[in-house]
Amino acid sequence: SPPPSFFENLKSGHRRTYISGRSMMWTAPAMLFFQRRDLPYYLVEVNAGAGINMAADVVHPIKGFDSALVSARVGLDYRPLQVEDLIDRRWLTAGIWPDDLEAITELDAAIDKIAVRSRDEAAFLQLAACSPEKAAAFVIKNIPADDPEVGLLIFNMGTTVRMSDADYAAYTASMASMLKGWGERALWVEVESVRGETYSTTAQLRVHRILGGQMRSLVMASVDFGNTTQQYNEASPAFLGPEVAAPK
C-alpha cells in the first residue's frame with residue numbers, strides 16, 4: 001500500500017500538474033505593471049512545488065520581457081521540491097498522464113533548464129517551507145517592504161480554487177493586508193479556474209493591487225484550455241498602469 005504521504009498530498013491538493021502555457025501567465029501583468037515603472041521586484045509563488053512556474057521566462061524566453069527586473073525568486077511550499085532529487089522529480093511528473101508525451105517532454109525540458117541555471121547561480125530559485133495560508137505572513141516577516149525602489153509580485157496557480165469560500169476569504173484578507181504595506185508597488189496575481197465551476201477548463205488571470213488604500217481587482221484574461229479560446233480585458237493596461245487613478 002502507498003505511504004500516508006501519498007494520500008495526504010491527494011487530500012491537500014498541494015501537488016499540481018505543470019502546464020507550460022499556464023506557467024507563463026504571470027509574465028503579462030509583470031510587464032504591464034513593473035516594466036512600465038522600470039521597477040525591480042521580488043517574485044514570490046505560493047504553493048510553488050519546485051518553483052518551475054517562477055522560471056517561465058527562463059524556460060521560455062518571452063519577447064519584450066525584462067528578466068533583469070526580477071530581484072529574487074522565492075517559492076513557498078508546504079514541502080518544497082528539488083528538481084534534481086529523484087523522488088521529488090517523480091512527484092512533479094505524477095500529475096501527467098503517462099501517454100501525454102508532449103507534456104512530459106515540456107516538463108523534462110523545464111526541469112533541465114532550471115537545474116543548469118541553478119548550478120550556475122545557486123540562489124536562482126529560493127524555496128522555503130510555508131503553507132499557502134501563511135504566505136502573506138511569511139512575506140511580511142521575511143521580505144522588507146520599506147525600500148521604495150523595489151516592488152513585489154506574489155502569485156498563485158491552481159491553488160485558491162481548491163479552498164473553501166471561507167478559507168479563500170481569509171486568504172484574500174491576509175493578502176490585502178500584506179499588500180497595503182507595499183502601497184502601490186505590489187501586485188497579487190492569480191491564475192485559477194473559475195470558482196464554483198465543477199471541472200472548469202477555464203483559467204482566469206486575476207490581478208489585485210492597492211489603489212486609494214484599498215485592494216482593487218480585475219479579471220485580466222480568461223483562457224479556456226478545453227477549446228483554446230482566449231478573452232482579454234482591454235481595461236488591463238489602464239488598471240495596471242502607473243497613471244491609473246483610484247476608483248471613487
# chains A, B, ... in the order shown; residues from 1 in each chain; ligands from 1
$ residues_around --residues "stretch 178-180 of chain A" --least-positions-apart "2" --cutoff "9 Å" --atoms "only C-alpha atoms" --output "JSON list (two decimals) with C-alpha atoms, in the first residue's frame"
[["chain", "number", "residue", "atom", "x", "y", "z"],
["A", 136, "ALA", "CA", 1.22, 36.65, 3.46],
["A", 137, "ALA", "CA", 2.65, 36.40, 6.97],
["A", 139, "VAL", "CA", 6.25, 37.91, 3.16],
["A", 140, "ILE", "CA", 5.63, 40.41, 5.97],
["A", 152, "LEU", "CA", 6.55, 42.74, -5.09],
["A", 173, "ALA", "CA", -7.92, 39.28, 3.56],
["A", 174, "SER", "CA", -4.37, 38.30, 4.50],
["A", 175, "MET", "CA", -3.12, 39.21, 1.03],
["A", 176, "ALA", "CA", -4.87, 42.58, 1.11],
["A", 182, "TRP", "CA", 3.81, 47.89, -0.13],
["A", 183, "GLY", "CA", 1.45, 50.66, -1.19],
["A", 184, "GLU", "CA", 1.13, 50.85, -4.95],
["A", 185, "ARG", "CA", 4.34, 48.87, -5.63],
["A", 186, "ALA", "CA", 2.84, 45.41, -5.26],
["A", 187, "LEU", "CA", 0.73, 43.09, -7.37],
["A", 188, "TRP", "CA", -1.06, 39.88, -6.46],
["A", 209, "ARG", "CA", -3.44, 45.85, -6.37],
["A", 210, "ILE", "CA", -3.76, 48.61, -3.80],
["A", 213, "GLY", "CA", -5.63, 52.42, 0.30],
["A", 214, "GLN", "CA", -7.94, 49.57, -0.77],
["A", 215, "MET", "CA", -7.36, 46.40, -2.74]]
$ residues_around --residues "stretch 159-164 of chain A" --least-positions-apart "2" --cutoff "8 Å" --atoms "only C-alpha atoms" --output "list in words"
Gly13, His14, Val46, Asn47, Asn156, Met157, Ala166, Asp167, Tyr168, Glu192, Ser193, Val194 and Arg195 of chain A
$ write_last_selection --atoms "C-alpha atoms" --output "mmCIF file, in the first residue's frame"
data_model
loop_
_atom_site.group_PDB
_atom_site.id
_atom_site.type_symbol
_atom_site.label_atom_id
_atom_site.label_comp_id
_atom_site.auth_asym_id
_atom_site.auth_seq_id
_atom_site.Cartn_x
_atom_site.Cartn_y
_atom_site.Cartn_z
ATOM 1 C CA GLY A 13 -4.077 19.279 -3.291
ATOM 2 C CA HIS A 14 -0.603 20.728 -2.860
ATOM 3 C CA VAL A 46 2.537 30.402 -3.316
ATOM 4 C CA ASN A 47 2.297 26.592 -3.404
ATOM 5 C CA ASN A 156 -0.659 31.525 -7.113
ATOM 6 C CA MET A 157 -1.696 28.992 -9.752
ATOM 7 C CA ALA A 166 -14.312 30.716 3.972
ATOM 8 C CA ASP A 167 -10.649 29.787 3.509
ATOM 9 C CA TYR A 168 -10.412 31.840 0.323
ATOM 10 C CA GLU A 192 -7.045 29.922 -11.195
ATOM 11 C CA SER A 193 -10.037 28.050 -12.544
ATOM 12 C CA VAL A 194 -13.389 29.802 -12.251
ATOM 13 C CA ARG A 195 -14.599 29.466 -8.675
#
$ atom_distance --atom1 "atom CA of A:Thr17" --atom2 "atom CA of A:Ile96"
6.3 Å
$ select_by_dssp --residues "stretch 18-248 of chain A" --states "strand (DSSP E)" --output "MDAnalysis selection string"
chainID A and resid 41:46 70:77 126:129 151:157 186:193 202:211 214:224 229:232
$ closest_residue --among "A:Ala48, A:Ala110, A:Met24, A:Ala170" --to "A:Gly158" --atoms "only C-alpha atoms"
A:Ala48
$ residues_around --residues "stretch 29-45 of chain A" --least-positions-apart "3" --cutoff "8 Å" --atoms "only C-alpha atoms" --output "ChimeraX atom specification"
/A:25-26,48,51,54,65-66,68-76,149-156,187,189,207,237,240-242
$ atom_distance --atom1 "atom CA of A:Met220" --atom2 "atom CA of A:Asp146"
28.3 Å
$ atom_distance --atom1 "atom CA of A:Phe225" --atom2 "atom CA of A:Ala94"
20.1 Å
$ select_by_dssp --residues "stretch 164-246 of chain A" --states "alpha helix (DSSP H)" --output "MDAnalysis selection string"
chainID A and resid 165:180 236:240
$ write_last_selection --atoms "C-alpha atoms" --output "PDB file, in the first residue's frame"
ATOM      1  CA  ASP A 165     -15.174  30.002   0.335  1.00  0.00           C
ATOM      2  CA  ALA A 166     -14.312  30.716   3.972  1.00  0.00           C
ATOM      3  CA  ASP A 167     -10.649  29.787   3.509  1.00  0.00           C
ATOM      4  CA  TYR A 168     -10.412  31.840   0.323  1.00  0.00           C
ATOM      5  CA  ALA A 169     -11.950  34.849   2.075  1.00  0.00           C
ATOM      6  CA  ALA A 170      -9.365  34.553   4.850  1.00  0.00           C
ATOM      7  CA  TYR A 171      -6.558  34.138   2.311  1.00  0.00           C
ATOM      8  CA  THR A 172      -7.743  37.199   0.381  1.00  0.00           C
ATOM      9  CA  ALA A 173      -7.922  39.281   3.558  1.00  0.00           C
ATOM     10  CA  SER A 174      -4.374  38.298   4.502  1.00  0.00           C
ATOM     11  CA  MET A 175      -3.118  39.209   1.035  1.00  0.00           C
ATOM     12  CA  ALA A 176      -4.871  42.580   1.111  1.00  0.00           C
ATOM     13  CA  SER A 177      -3.362  43.381   4.498  1.00  0.00           C
ATOM     14  CA  MET A 178       0.119  42.419   3.326  1.00  0.00           C
ATOM     15  CA  LEU A 179      -0.162  44.353   0.047  1.00  0.00           C
ATOM     16  CA  LYS A 180      -1.056  47.543   1.908  1.00  0.00           C
ATOM     17  CA  SER A 236      -5.927  45.874 -18.130  1.00  0.00           C
ATOM     18  CA  PRO A 237      -3.237  48.354 -19.279  1.00  0.00           C
ATOM     19  CA  ALA A 238      -5.058  51.238 -17.608  1.00  0.00           C
ATOM     20  CA  PHE A 239      -5.696  49.268 -14.410  1.00  0.00           C
ATOM     21  CA  LEU A 240      -2.050  48.252 -14.125  1.00  0.00           C
TER      22      LEU A 240
END
$ closest_residue --among "A:Gly21, A:Gly95, A:Pro132, A:Gly64" --to "A:Tyr78" --atoms "only C-alpha atoms"
A:Pro132
$ closest_residue --among "A:Val219, A:Ile143, A:Leu107, A:Ala55" --to "A:Ser67" --atoms "only C-alpha atoms"
A:Ala55
$ decode --residues "stretch 78-140 of chain A" --atoms "C-alpha atoms" --output "compact mmCIF listing (two decimals), in the first residue's frame"
# COMPACT_ATOMS: atom_id res chain seq x y z
CA TYR A 78 4.45 23.24 2.48
CA ARG A 79 7.29 20.92 1.41
CA PRO A 80 9.41 22.36 -1.39
CA LEU A 81 10.58 20.01 -4.13
CA GLN A 82 14.08 19.93 -5.60
CA VAL A 83 14.35 19.39 -9.36
CA GLU A 84 17.49 17.27 -9.02
CA ASP A 85 16.06 14.97 -6.35
CA LEU A 86 14.78 11.75 -7.96
CA ILE A 87 11.84 11.27 -5.56
CA ASP A 88 10.80 14.91 -5.89
CA ARG A 89 11.05 14.69 -9.66
CA ARG A 90 8.63 11.77 -9.62
CA TRP A 91 6.13 13.94 -7.73
CA LEU A 92 6.48 16.55 -10.47
CA THR A 93 5.62 14.01 -13.16
CA ALA A 94 2.89 12.26 -11.15
CA GLY A 95 0.18 14.63 -12.35
CA ILE A 96 0.78 13.96 -16.05
CA TRP A 97 -0.85 11.07 -17.91
CA PRO A 98 1.84 8.53 -18.88
CA ASP A 99 0.88 8.74 -22.57
CA ASP A 100 0.93 12.56 -22.71
CA LEU A 101 4.42 12.62 -24.17
CA GLU A 102 4.24 16.28 -25.16
CA ALA A 103 3.54 17.40 -21.59
CA ILE A 104 6.21 15.08 -20.19
CA THR A 105 8.74 16.42 -22.68
CA GLU A 106 7.87 20.02 -21.75
CA LEU A 107 8.28 19.27 -18.05
CA ASP A 108 11.58 17.46 -18.54
CA ALA A 109 12.92 20.35 -20.62
CA ALA A 110 11.85 22.88 -17.98
CA ILE A 111 13.46 20.87 -15.18
CA ASP A 112 16.71 20.51 -17.13
CA LYS A 113 16.94 24.25 -17.84
CA ILE A 114 16.28 25.13 -14.20
CA ALA A 115 18.83 22.58 -13.00
CA VAL A 116 21.52 24.03 -15.26
CA ARG A 117 20.72 27.61 -14.22
CA SER A 118 20.69 26.67 -10.53
CA ARG A 119 24.13 25.06 -10.79
CA ASP A 120 25.49 28.31 -12.23
CA GLU A 121 23.51 30.53 -9.87
CA ALA A 122 22.84 28.86 -6.53
CA ALA A 123 20.25 31.44 -5.43
CA PHE A 124 18.35 31.46 -8.73
CA LEU A 125 15.32 29.86 -7.07
CA GLN A 126 14.94 30.21 -3.31
CA LEU A 127 12.46 27.76 -1.81
CA ALA A 128 11.04 27.95 1.70
CA ALA A 129 8.66 25.75 3.67
CA CYS A 130 5.40 27.66 4.08
CA SER A 131 1.75 26.67 3.61
CA PRO A 132 -0.49 28.85 1.40
CA GLU A 133 -2.45 30.05 4.43
CA LYS A 134 0.71 31.58 5.92
CA ALA A 135 2.15 33.03 2.71
CA ALA A 136 1.22 36.65 3.46
CA ALA A 137 2.65 36.40 6.97
CA PHE A 138 5.87 34.96 5.52
CA VAL A 139 6.25 37.91 3.16
CA ILE A 140 5.63 40.41 5.97
